[in-house]
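A.B. asks: Can you keep this structure in mind? I'll have questions shortly.
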Amino acid sequence: MFKSSILILLSIFMSGCMSTFHTKPYVAYENKHHPLSDTSVFTTDGGMGNSISQILSVNGVETSCWEVGCPIWVRVKPGVNKFTVKLSVYDNGIASYKVGVTEVTINDMKPKHVYKAKFDVVDREFKTMIEDLGENPEYGIHLGLEGFNKQYYPVEF
């Protein structure tokens with residue numbers, strides 16, 4: 001009973017702590033005063049069912065988990081951007097664990113557009129497709145635990 005209580009408390013603490021990193025897209029460019037209306041967002045959606053995805057680097061610059069919480073969405077300047085993305089899938093326990101890392105280049109990212117990475121897992125490999133959700137789409141991330149602290153964080157431009 002004691003171990004279960006500690007595990008539950010640790011899970012709640014971690015979900016609340018980790019979610020503060022992801023409430024807004026991580027800004028992956030130097031000039032933090034650049035207008036949001038002249039930016040694009042790239043997203044992996046983070047955890048979906050039995051898979052977890054994250055953005056490892058943007059334009060060759062690592063996105064440190066310690067500093068920015070293993071980002072699941074990033075804000076970049078329009079134009080050509082290159083992302084390194086990691087996908088981990090747990091199908092049925094540790095024996096079925098699959099992981100893959102790939103680079104994605106989007107050649108013409110437009111301002112106020114959200115670009116979403118979609119993954120297709122085949123055997124022990126995965127393929128990445130990019131979907132342009134359009135200009136200023138109704139898009140955001142749900143974070144937290146259902147029935148406890150789950151909240152929706154919309155993208156803003």
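Residues are referred to by chain and number: the chain letter is A, B, ... according to the order shown in the structure tokens, the number counts from 1 in that chain, and ligands are numbered separately from 1 in the order shown.
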Excluding region 62-79 of chain A and its own-chain neighbours fewer than 3 positions away, which residues fall within 8 Å of it when counting only C-alpha atoms? Please give them as a ChimeraX atom specification.
C.D. replies: /A:18,21-22,24-29,38-46,53-58,106-111
A.B. asks: Would you return as a list in words the members of region 113-156 of chain A that DSSP assigns to strand (DSSP E or B) on this structure's backbone?
C.D. replies: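 Going through region 113-156 of chain A, the strand (DSSP E or B) residues come out as His113, Val114, Tyr115, Lys116, Ala117, Lys118, Phe119, Asp120, Val121, Val122, Glu125, Phe126, Lys127, Thr128, Met129, Ile130, Glu131, Asp132, Leu133, Gly134, Glu135, Gly140, Ile141, His142, Leu143, Gln151, Tyr152, Tyr153 and Pro154 of chain A.
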A.B. asks: Using the selection just defined, write its residues with C-alpha atoms as a CSV table (one decimal), in the first residue's frame.
C.D. replies:
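Below you can see again20.csv, which holds the result:
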```csv
chain,number,residue,atom,x,y,z
A,113,HIS,CA,1.1,27.6,-39.9
A,114,VAL,CA,1.3,24.5,-37.7
A,115,TYR,CA,3.1,21.4,-39.2
A,116,LYS,CA,2.3,18.1,-37.5
A,117,ALA,CA,4.4,15.0,-37.7
A,118,LYS,CA,2.4,11.8,-38.2
A,119,PHE,CA,4.1,8.4,-37.7
A,120,ASP,CA,3.5,5.1,-39.3
A,121,VAL,CA,5.2,2.1,-37.5
A,122,VAL,CA,6.0,-0.9,-39.7
A,125,GLU,CA,10.9,0.9,-38.3
A,126,PHE,CA,8.7,4.0,-38.6
A,127,LYS,CA,8.0,6.5,-41.3
A,128,THR,CA,7.3,10.2,-40.8
A,129,MET,CA,4.8,12.2,-42.8
A,130,ILE,CA,4.2,15.9,-42.3
A,131,GLU,CA,0.8,17.5,-42.4
A,132,ASP,CA,0.4,21.3,-42.8
A,133,LEU,CA,-2.6,22.2,-40.7
A,134,GLY,CA,-2.9,25.6,-42.4
A,135,GLU,CA,-2.8,29.2,-41.2
A,140,GLY,CA,-3.3,22.7,-29.1
A,141,ILE,CA,-1.9,20.2,-26.7
A,142,HIS,CA,-3.8,18.4,-23.9
A,143,LEU,CA,-1.6,17.9,-20.8
A,151,GLN,CA,-5.9,21.1,-19.5
A,152,TYR,CA,-5.9,22.3,-23.2
A,153,TYR,CA,-3.1,24.6,-24.3
A,154,PRO,CA,-3.9,26.2,-27.7
```
A.B. asks: Could you go through region 26-148 of chain A and tell me which residues DSSP, when run on the backbone, assigns to alpha helix (DSSP H), listing them as a list of chain:residue names?
C.D. replies: A:Cys65, A:Trp66, A:Glu67, A:Val68
A.B. asks: Report, in Å with one decimal, the straight-line distance from CA of Val61 (chain A) to CA of Glu30 (chain A).
C.D. replies: 11.2 Å
A.B. asks: Give the answer as one residue: which of A:Ser51, A:Thr102, A:Leu36, A:Asn136 has the shortest atom-to-atom distance to Ser88 (chain A), using only C-alpha atoms?
C.D. replies: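 For Ser88 (chain A), the nearest of the given residues is A:Ser51.
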